[in-house]
file entry10.csv (CSV, C-alpha atoms)
chain,number,residue,atom,x,y,z
C,1,MET,CA,4.3,55.0,6.4
C,2,GLN,CA,0.8,54.5,4.9
C,3,THR,CA,2.3,52.8,1.8
C,4,SER,CA,4.2,50.3,3.8
C,5,ILE,CA,1.2,49.4,5.9
C,6,HIS,CA,-0.9,49.1,2.7
C,7,GLY,CA,1.9,46.8,1.2
C,8,VAL,CA,1.9,44.5,4.2
C,9,THR,CA,-1.9,44.3,4.2
C,10,VAL,CA,-2.0,43.4,0.5
C,11,ALA,CA,0.8,40.8,1.0
C,12,SER,CA,-1.1,39.3,4.0
C,13,GLU,CA,-4.3,39.1,1.9
C,14,VAL,CA,-2.4,37.3,-0.9
C,15,ILE,CA,-0.9,34.9,1.6
C,16,GLN,CA,-4.4,34.2,2.9
C,17,LEU,CA,-5.6,33.5,-0.6
C,18,ALA,CA,-2.7,31.2,-1.3
C,19,ILE,CA,-3.2,29.1,1.9
C,20,ALA,CA,-6.2,27.1,0.5
C,21,PRO,CA,-4.3,26.0,-2.7
C,22,VAL,CA,-1.3,25.1,-0.5
C,23,PHE,CA,-3.5,22.7,1.5
C,24,LEU,CA,-4.7,21.3,-1.8
C,25,LEU,CA,-1.0,20.8,-2.8
C,26,MET,CA,-0.4,18.9,0.5
C,27,GLY,CA,-3.5,16.7,0.0
C,28,VAL,CA,-2.7,15.8,-3.6
C,29,SER,CA,0.9,15.2,-2.7
C,30,ALA,CA,-0.2,12.6,-0.1
C,31,LEU,CA,-2.4,11.0,-2.7
C,32,LEU,CA,0.6,10.8,-5.0
C,33,GLY,CA,2.4,8.9,-2.3
C,34,VAL,CA,-0.4,6.4,-2.1
C,35,LEU,CA,-0.5,6.1,-5.9
C,36,THR,CA,3.3,5.5,-6.3
C,37,SER,CA,3.2,2.9,-3.5
C,38,ARG,CA,0.3,1.1,-5.3
C,39,LEU,CA,2.3,1.3,-8.6
C,40,GLY,CA,5.3,-0.2,-6.9
C,41,ARG,CA,3.3,-3.1,-5.5
C,42,VAL,CA,1.8,-3.8,-8.9
C,43,VAL,CA,5.2,-3.8,-10.5
C,44,ASP,CA,6.7,-6.1,-7.8
C,45,ARG,CA,3.8,-8.5,-8.2
C,46,PHE,CA,4.1,-8.4,-12.0
C,47,ARG,CA,7.8,-9.4,-11.7
C,48,VAL,CA,7.0,-12.3,-9.3
C,49,LEU,CA,4.3,-13.6,-11.6
C,50,ASN,CA,6.4,-13.2,-14.7
C,51,GLU,CA,9.2,-15.3,-13.1
C,52,SER,CA,6.6,-17.9,-11.9
C,53,LEU,CA,5.1,-18.1,-15.4
C,54,ALA,CA,8.5,-18.7,-16.9
C,55,THR,CA,9.0,-21.8,-14.6
C,56,VAL,CA,5.5,-23.3,-15.2
C,57,GLN,CA,5.1,-26.0,-17.8
C,58,ALA,CA,2.9,-25.3,-20.8
C,59,ASP,CA,0.1,-27.7,-19.7
C,60,ASP,CA,0.0,-26.5,-16.1
C,61,PRO,CA,-3.4,-25.1,-15.1
C,62,ARG,CA,-1.7,-22.3,-13.2
C,63,GLN,CA,-0.4,-20.8,-16.4
C,64,GLU,CA,-3.8,-19.5,-17.4
C,65,ARG,CA,-4.4,-17.9,-14.0
C,66,TYR,CA,-0.9,-16.3,-14.0
C,67,SER,CA,-1.5,-15.0,-17.5
C,68,GLN,CA,-4.9,-13.5,-16.5
C,69,GLU,CA,-3.4,-11.9,-13.4
C,70,LEU,CA,-0.6,-10.5,-15.4
C,71,ASP,CA,-3.1,-8.9,-17.8
C,72,ILE,CA,-5.0,-7.4,-14.8
C,73,LEU,CA,-1.8,-6.1,-13.3
C,74,SER,CA,-0.8,-4.5,-16.6
C,75,CYS,CA,-4.2,-2.8,-16.8
C,76,ARG,CA,-3.9,-1.6,-13.2
C,77,ALA,CA,-0.5,-0.2,-13.9
C,78,ASN,CA,-1.9,1.8,-16.8
C,79,TRP,CA,-4.7,3.2,-14.6
C,80,VAL,CA,-2.3,4.1,-11.8
C,81,HIS,CA,0.0,5.7,-14.4
C,82,TRP,CA,-2.8,7.9,-15.6
C,83,SER,CA,-3.9,8.8,-12.1
C,84,ILE,CA,-0.3,9.8,-11.2
C,85,THR,CA,0.0,11.9,-14.4
C,86,LEU,CA,-3.3,13.7,-13.8
C,87,CYS,CA,-2.6,14.4,-10.1
C,88,THR,CA,0.9,15.6,-11.0
C,89,PHE,CA,-0.7,17.9,-13.6
C,90,THR,CA,-3.1,19.1,-10.8
C,91,LEU,CA,-0.1,20.0,-8.6
C,92,LEU,CA,1.5,21.9,-11.5
C,93,LEU,CA,-1.6,23.9,-12.1
C,94,VAL,CA,-2.2,24.7,-8.5
C,95,ALA,CA,1.5,25.8,-8.2
C,96,VAL,CA,1.0,28.1,-11.2
C,97,VAL,CA,-2.2,29.5,-9.5
C,98,ILE,CA,-0.2,30.3,-6.3
C,99,GLY,CA,2.5,31.9,-8.4
C,100,LEU,CA,0.0,34.0,-10.3
C,101,LEU,CA,-1.6,35.2,-7.1
C,102,PHE,CA,1.7,36.6,-5.9
C,103,LEU,CA,2.7,37.9,-9.3
C,104,GLY,CA,-0.6,39.7,-9.8
C,105,SER,CA,-0.3,41.3,-6.4
C,106,ALA,CA,3.3,42.3,-7.0
C,107,ILE,CA,2.7,44.0,-10.3
C,108,ASN,CA,-0.9,45.2,-9.8
C,109,TRP,CA,-2.3,42.9,-12.5
C,110,ASP,CA,-5.8,41.4,-12.2
C,111,THR,CA,-5.2,37.7,-12.6
C,112,SER,CA,-8.6,36.6,-11.3
C,113,TRP,CA,-9.8,35.4,-14.7
C,114,LEU,CA,-6.6,33.4,-15.3
C,115,VAL,CA,-6.5,32.0,-11.8
C,116,SER,CA,-10.1,30.9,-12.1
C,117,ILE,CA,-9.6,29.1,-15.4
C,118,LEU,CA,-6.4,27.4,-14.1
C,119,PHE,CA,-8.1,26.4,-10.9
C,120,ILE,CA,-11.1,24.9,-12.9
C,121,PHE,CA,-8.6,22.9,-15.0
C,122,ALA,CA,-6.8,21.8,-11.8
C,123,MET,CA,-10.1,20.5,-10.4
C,124,GLY,CA,-10.9,18.7,-13.6
C,125,SER,CA,-7.5,17.1,-13.6
C,126,LEU,CA,-7.9,16.0,-10.0
C,127,ILE,CA,-11.4,14.6,-10.6
C,128,SER,CA,-10.0,12.7,-13.6
C,129,GLY,CA,-7.1,11.4,-11.6
C,130,LEU,CA,-9.4,10.2,-8.8
C,131,THR,CA,-11.6,8.6,-11.3
C,132,CYS,CA,-8.6,6.6,-12.7
C,133,PHE,CA,-7.7,5.7,-9.1
C,134,ILE,CA,-11.2,4.4,-8.5
C,135,ARG,CA,-11.0,2.3,-11.6
C,136,GLU,CA,-7.6,0.8,-10.5
C,137,ILE,CA,-9.1,-0.1,-7.1
C,138,SER,CA,-12.0,-1.8,-8.8
C,139,LEU,CA,-9.6,-3.8,-10.9
C,140,SER,CA,-7.6,-4.8,-7.9
C,141,LYS,CA,-10.5,-6.8,-6.5
C,142,HIS,CA,-10.5,-9.1,-9.6
C,143,VAL,CA,-7.5,-10.9,-8.0
C,144,PHE,CA,-9.9,-12.3,-5.4
C,145,GLN,CA,-12.1,-13.7,-8.1
C,146,LEU,CA,-9.1,-15.4,-9.8
C,147,SER,CA,-8.0,-16.9,-6.5
C,148,LYS,CA,-11.4,-18.5,-5.9
C,149,ARG,CA,-11.0,-20.8,-8.9
C,150,LYS,CA,-9.8,-24.3,-8.2
C,151,ILE,CA,-6.3,-24.8,-9.4
C,152,VAL,CA,-4.5,-28.1,-9.1
C,153,PRO,CA,-0.9,-27.6,-8.3

call {"tool": "encode", "arguments": {"input": "entry10.csv", "output": "C-alpha cells"}}
result
Amino acid sequence: MQTSIHGVTVASEVIQLAIAPVFLLMGVSALLGVLTSRLGRVVDRFRVLNESLATVQADDPRQERYSQELDILSCRANWVHWSITLCTFTLLLVAVVIGLLFLGSAINWDTSWLVSILFIFAMGSLISGLTCFIREISLSKHVFQLSKRKIVP
C-alpha cells in the first residue's frame, strides 16, 4: 500500500514538473503559427511582384522598386525560415526534456544535469529564433520606405 502511494506521489510530482515545459510548448507553437503565416504572406507577395516584374517594360521606373522589394522579401523569407527552424528546434528540445523527466522518474535515474543542459539549449534556441523574428519585422517596415518614393506609372 505504501509503495503504491509513493508511486502516485512521485508520478504527480513529475507531472507538476512537466507542466511548465508544456506551457512553453504551447506558447512556442502559437509563435510558429504566426511565423508560418508571415512566411506565407511573404511568399504570396513575392509571387505577385515576380509576375508584375515580368510584365513591366525594361525602362519602366517601377522595375527598380519591384526589384528592391523582391530583394527585401527574399531576405525576410530567410529570416523567417531561420526563426521557424530555431523555434522548432526549441520545441524538440523541450519535448525531450519532458520525456527525460518521465523516463528518469520511471527508472530512478537522476536526469537533472541533462534536463538542465537541454533546457538551457532550448532557451538559447528560442532567444535566437525570437531575434530572427525581430530582424524580419524590422525588414518588413522597409516596404513603407519604398512606397514613399515617387513612381510614375

call {"tool": "atom_distance", "arguments": {"input": "entry10.csv", "atom1": "atom CA of C:Met123", "atom2": "atom CA of C:Leu93"}}
result
9.3 Å

call {"tool": "residues_around", "arguments": {"input": "entry10.csv", "residues": "C:Arg47", "least_positions_apart": "5", "cutoff": "12 Å", "atoms": "only C-alpha atoms", "output": "list in words"}}
result
Gly40, Arg41, Val42, Ser52, Leu53, Ala54, Tyr66, Glu69, Leu70, Leu73 and Ser74 of chain C

call {"tool": "atom_distance", "arguments": {"input": "entry10.csv", "atom1": "atom CA of C:Cys75", "atom2": "atom CA of C:Phe121"}}
result
26.1 Å

call {"tool": "closest_residue", "arguments": {"input": "entry10.csv", "among": "C:Thr55, C:Val115, C:His142, C:Arg45", "to": "C:Phe102", "atoms": "only C-alpha atoms"}}
result
C:Val115

call {"tool": "atom_distance", "arguments": {"input": "entry10.csv", "atom1": "atom CA of C:Arg38", "atom2": "atom CA of C:Trp79"}}
result
10.8 Å

call {"tool": "residues_around", "arguments": {"input": "entry10.csv", "residues": "C:Ser140", "least_positions_apart": "4", "cutoff": "8 Å", "atoms": "all atoms listed in the file", "output": "JSON, numbers by chain"}}
result
{"C": [72, 76, 136]}

call {"tool": "closest_residue", "arguments": {"input": "entry10.csv", "among": "C:Asp60, C:Ile120, C:Arg65, C:Phe133", "to": "C:His81", "atoms": "all atoms listed in the file"}}
result
C:Phe133

call {"tool": "closest_residue", "arguments": {"input": "entry10.csv", "among": "C:Ser138, C:Thr9, C:Asn78, C:Thr85", "to": "C:Val43", "atoms": "all atoms listed in the file"}}
result
C:Asn78

call {"tool": "closest_residue", "arguments": {"input": "entry10.csv", "among": "C:Ser116, C:Gly104, C:Lys141, C:Val80", "to": "C:Thr36", "atoms": "all atoms listed in the file"}}
result
C:Val80

call {"tool": "closest_residue", "arguments": {"input": "entry10.csv", "among": "C:Ile98, C:Leu103, C:Leu118, C:Val143", "to": "C:Ala20", "atoms": "all atoms listed in the file"}}
result
C:Ile98

call {"tool": "decode", "arguments": {"input": "entry10.csv", "residues": "stretch 60-72 of chain C", "atoms": "all heavy atoms", "output": "PDB file, in the first residue's frame"}}
result
ATOM      1  N   ASP C  60      10.762  51.004 -67.480  1.00  0.00           N
ATOM      2  CA  ASP C  60       9.721  51.447 -66.534  1.00  0.00           C
ATOM      3  C   ASP C  60      10.350  51.700 -65.156  1.00  0.00           C
ATOM      4  O   ASP C  60      11.105  50.867 -64.652  1.00  0.00           O
ATOM      5  CB  ASP C  60       8.637  50.371 -66.424  1.00  0.00           C
ATOM      6  CG  ASP C  60       7.381  50.868 -65.742  1.00  0.00           C
ATOM      7  OD1 ASP C  60       7.498  51.729 -64.843  1.00  0.00           O
ATOM      8  OD2 ASP C  60       6.296  50.398 -66.098  1.00  0.00           O
ATOM      9  N   PRO C  61      10.051  52.841 -64.530  1.00  0.00           N
ATOM     10  CA  PRO C  61      10.636  53.136 -63.214  1.00  0.00           C
ATOM     11  C   PRO C  61      10.165  52.179 -62.106  1.00  0.00           C
ATOM     12  O   PRO C  61      10.825  52.049 -61.084  1.00  0.00           O
ATOM     13  CB  PRO C  61      10.186  54.569 -62.914  1.00  0.00           C
ATOM     14  CG  PRO C  61       9.201  54.943 -63.944  1.00  0.00           C
ATOM     15  CD  PRO C  61       9.260  53.949 -65.049  1.00  0.00           C
ATOM     16  N   ARG C  62       9.054  51.508 -62.327  1.00  0.00           N
ATOM     17  CA  ARG C  62       8.564  50.550 -61.325  1.00  0.00           C
ATOM     18  C   ARG C  62       9.464  49.320 -61.220  1.00  0.00           C
ATOM     19  O   ARG C  62       9.468  48.641 -60.198  1.00  0.00           O
ATOM     20  CB  ARG C  62       7.133  50.112 -61.649  1.00  0.00           C
ATOM     21  CG  ARG C  62       6.119  51.221 -61.477  1.00  0.00           C
ATOM     22  CD  ARG C  62       4.746  50.757 -61.833  1.00  0.00           C
ATOM     23  NE  ARG C  62       4.697  50.501 -63.280  1.00  0.00           N
ATOM     24  CZ  ARG C  62       3.637  50.053 -63.921  1.00  0.00           C
ATOM     25  NH1 ARG C  62       2.530  49.777 -63.263  1.00  0.00           N
ATOM     26  NH2 ARG C  62       3.650  49.853 -65.224  1.00  0.00           N
ATOM     27  N   GLN C  63      10.212  49.057 -62.281  1.00  0.00           N
ATOM     28  CA  GLN C  63      11.059  47.867 -62.285  1.00  0.00           C
ATOM     29  C   GLN C  63      12.067  47.901 -61.136  1.00  0.00           C
ATOM     30  O   GLN C  63      12.278  46.896 -60.464  1.00  0.00           O
ATOM     31  CB  GLN C  63      11.783  47.725 -63.620  1.00  0.00           C
ATOM     32  CG  GLN C  63      12.624  46.456 -63.692  1.00  0.00           C
ATOM     33  CD  GLN C  63      13.352  46.330 -65.005  1.00  0.00           C
ATOM     34  OE1 GLN C  63      13.568  47.318 -65.709  1.00  0.00           O
ATOM     35  NE2 GLN C  63      13.741  45.107 -65.334  1.00  0.00           N
ATOM     36  N   GLU C  64      12.676  49.049 -60.899  1.00  0.00           N
ATOM     37  CA  GLU C  64      13.661  49.159 -59.815  1.00  0.00           C
ATOM     38  C   GLU C  64      13.002  48.926 -58.456  1.00  0.00           C
ATOM     39  O   GLU C  64      13.534  48.219 -57.602  1.00  0.00           O
ATOM     40  CB  GLU C  64      14.333  50.524 -59.843  1.00  0.00           C
ATOM     41  CG  GLU C  64      15.383  50.676 -58.750  1.00  0.00           C
ATOM     42  CD  GLU C  64      15.991  52.058 -58.708  1.00  0.00           C
ATOM     43  OE1 GLU C  64      15.888  52.816 -59.691  1.00  0.00           O
ATOM     44  OE2 GLU C  64      16.588  52.375 -57.667  1.00  0.00           O
ATOM     45  N   ARG C  65      11.827  49.523 -58.258  1.00  0.00           N
ATOM     46  CA  ARG C  65      11.117  49.358 -56.986  1.00  0.00           C
ATOM     47  C   ARG C  65      10.727  47.904 -56.767  1.00  0.00           C
ATOM     48  O   ARG C  65      10.886  47.362 -55.683  1.00  0.00           O
ATOM     49  CB  ARG C  65       9.873  50.238 -56.951  1.00  0.00           C
ATOM     50  CG  ARG C  65       9.114  50.104 -55.647  1.00  0.00           C
ATOM     51  CD  ARG C  65       7.900  51.030 -55.634  1.00  0.00           C
ATOM     52  NE  ARG C  65       7.137  50.854 -54.438  1.00  0.00           N
ATOM     53  CZ  ARG C  65       6.147  49.985 -54.298  1.00  0.00           C
ATOM     54  NH1 ARG C  65       5.801  49.198 -55.283  1.00  0.00           N
ATOM     55  NH2 ARG C  65       5.496  49.891 -53.153  1.00  0.00           N
ATOM     56  N   TYR C  66      10.200  47.274 -57.816  1.00  0.00           N
ATOM     57  CA  TYR C  66       9.832  45.859 -57.705  1.00  0.00           C
ATOM     58  C   TYR C  66      11.044  44.999 -57.377  1.00  0.00           C
ATOM     59  O   TYR C  66      10.968  44.100 -56.537  1.00  0.00           O
ATOM     60  CB  TYR C  66       9.184  45.369 -59.003  1.00  0.00           C
ATOM     61  CG  TYR C  66       7.809  45.925 -59.289  1.00  0.00           C
ATOM     62  CD1 TYR C  66       7.240  45.769 -60.541  1.00  0.00           C
ATOM     63  CD2 TYR C  66       7.068  46.606 -58.324  1.00  0.00           C
ATOM     64  CE1 TYR C  66       5.978  46.265 -60.828  1.00  0.00           C
ATOM     65  CE2 TYR C  66       5.806  47.108 -58.610  1.00  0.00           C
ATOM     66  CZ  TYR C  66       5.267  46.935 -59.865  1.00  0.00           C
ATOM     67  OH  TYR C  66       4.026  47.417 -60.148  1.00  0.00           O
ATOM     68  N   SER C  67      12.158  45.285 -58.033  1.00  0.00           N
ATOM     69  CA  SER C  67      13.380  44.503 -57.773  1.00  0.00           C
ATOM     70  C   SER C  67      13.859  44.685 -56.335  1.00  0.00           C
ATOM     71  O   SER C  67      14.257  43.722 -55.675  1.00  0.00           O
ATOM     72  CB  SER C  67      14.484  44.916 -58.738  1.00  0.00           C
ATOM     73  OG  SER C  67      14.141  44.579 -60.056  1.00  0.00           O
ATOM     74  N   GLN C  68      13.810  45.930 -55.846  1.00  0.00           N
ATOM     75  CA  GLN C  68      14.223  46.180 -54.467  1.00  0.00           C
ATOM     76  C   GLN C  68      13.306  45.468 -53.481  1.00  0.00           C
ATOM     77  O   GLN C  68      13.776  44.882 -52.506  1.00  0.00           O
ATOM     78  CB  GLN C  68      14.231  47.679 -54.184  1.00  0.00           C
ATOM     79  CG  GLN C  68      15.346  48.423 -54.854  1.00  0.00           C
ATOM     80  CD  GLN C  68      15.227  49.933 -54.670  1.00  0.00           C
ATOM     81  OE1 GLN C  68      14.189  50.447 -54.302  1.00  0.00           O
ATOM     82  NE2 GLN C  68      16.324  50.629 -54.930  1.00  0.00           N
ATOM     83  N   GLU C  69      12.015  45.538 -53.752  1.00  0.00           N
ATOM     84  CA  GLU C  69      11.077  44.871 -52.841  1.00  0.00           C
ATOM     85  C   GLU C  69      11.246  43.355 -52.881  1.00  0.00           C
ATOM     86  O   GLU C  69      11.153  42.683 -51.856  1.00  0.00           O
ATOM     87  CB  GLU C  69       9.636  45.255 -53.162  1.00  0.00           C
ATOM     88  CG  GLU C  69       8.674  44.804 -52.090  1.00  0.00           C
ATOM     89  CD  GLU C  69       7.258  45.307 -52.279  1.00  0.00           C
ATOM     90  OE1 GLU C  69       7.037  46.252 -53.069  1.00  0.00           O
ATOM     91  OE2 GLU C  69       6.364  44.752 -51.626  1.00  0.00           O
ATOM     92  N   LEU C  70      11.531  42.806 -54.060  1.00  0.00           N
ATOM     93  CA  LEU C  70      11.797  41.363 -54.160  1.00  0.00           C
ATOM     94  C   LEU C  70      13.026  40.972 -53.343  1.00  0.00           C
ATOM     95  O   LEU C  70      13.040  39.917 -52.692  1.00  0.00           O
ATOM     96  CB  LEU C  70      11.972  40.938 -55.622  1.00  0.00           C
ATOM     97  CG  LEU C  70      10.700  40.834 -56.451  1.00  0.00           C
ATOM     98  CD1 LEU C  70      11.027  40.654 -57.919  1.00  0.00           C
ATOM     99  CD2 LEU C  70       9.826  39.696 -55.951  1.00  0.00           C
ATOM    100  N   ASP C  71      14.050  41.816 -53.370  1.00  0.00           N
ATOM    101  CA  ASP C  71      15.252  41.548 -52.569  1.00  0.00           C
ATOM    102  C   ASP C  71      14.921  41.554 -51.075  1.00  0.00           C
ATOM    103  O   ASP C  71      15.377  40.689 -50.324  1.00  0.00           O
ATOM    104  CB  ASP C  71      16.341  42.578 -52.860  1.00  0.00           C
ATOM    105  CG  ASP C  71      16.951  42.431 -54.240  1.00  0.00           C
ATOM    106  OD1 ASP C  71      16.806  41.339 -54.842  1.00  0.00           O
ATOM    107  OD2 ASP C  71      17.568  43.401 -54.719  1.00  0.00           O
ATOM    108  N   ILE C  72      14.127  42.526 -50.658  1.00  0.00           N
ATOM    109  CA  ILE C  72      13.733  42.605 -49.243  1.00  0.00           C
ATOM    110  C   ILE C  72      12.889  41.391 -48.861  1.00  0.00           C
ATOM    111  O   ILE C  72      13.094  40.794 -47.797  1.00  0.00           O
ATOM    112  CB  ILE C  72      12.979  43.923 -48.956  1.00  0.00           C
ATOM    113  CG1 ILE C  72      13.936  45.104 -49.062  1.00  0.00           C
ATOM    114  CG2 ILE C  72      12.332  43.885 -47.577  1.00  0.00           C
ATOM    115  CD1 ILE C  72      13.251  46.458 -49.006  1.00  0.00           C
TER     116      ILE C  72
END
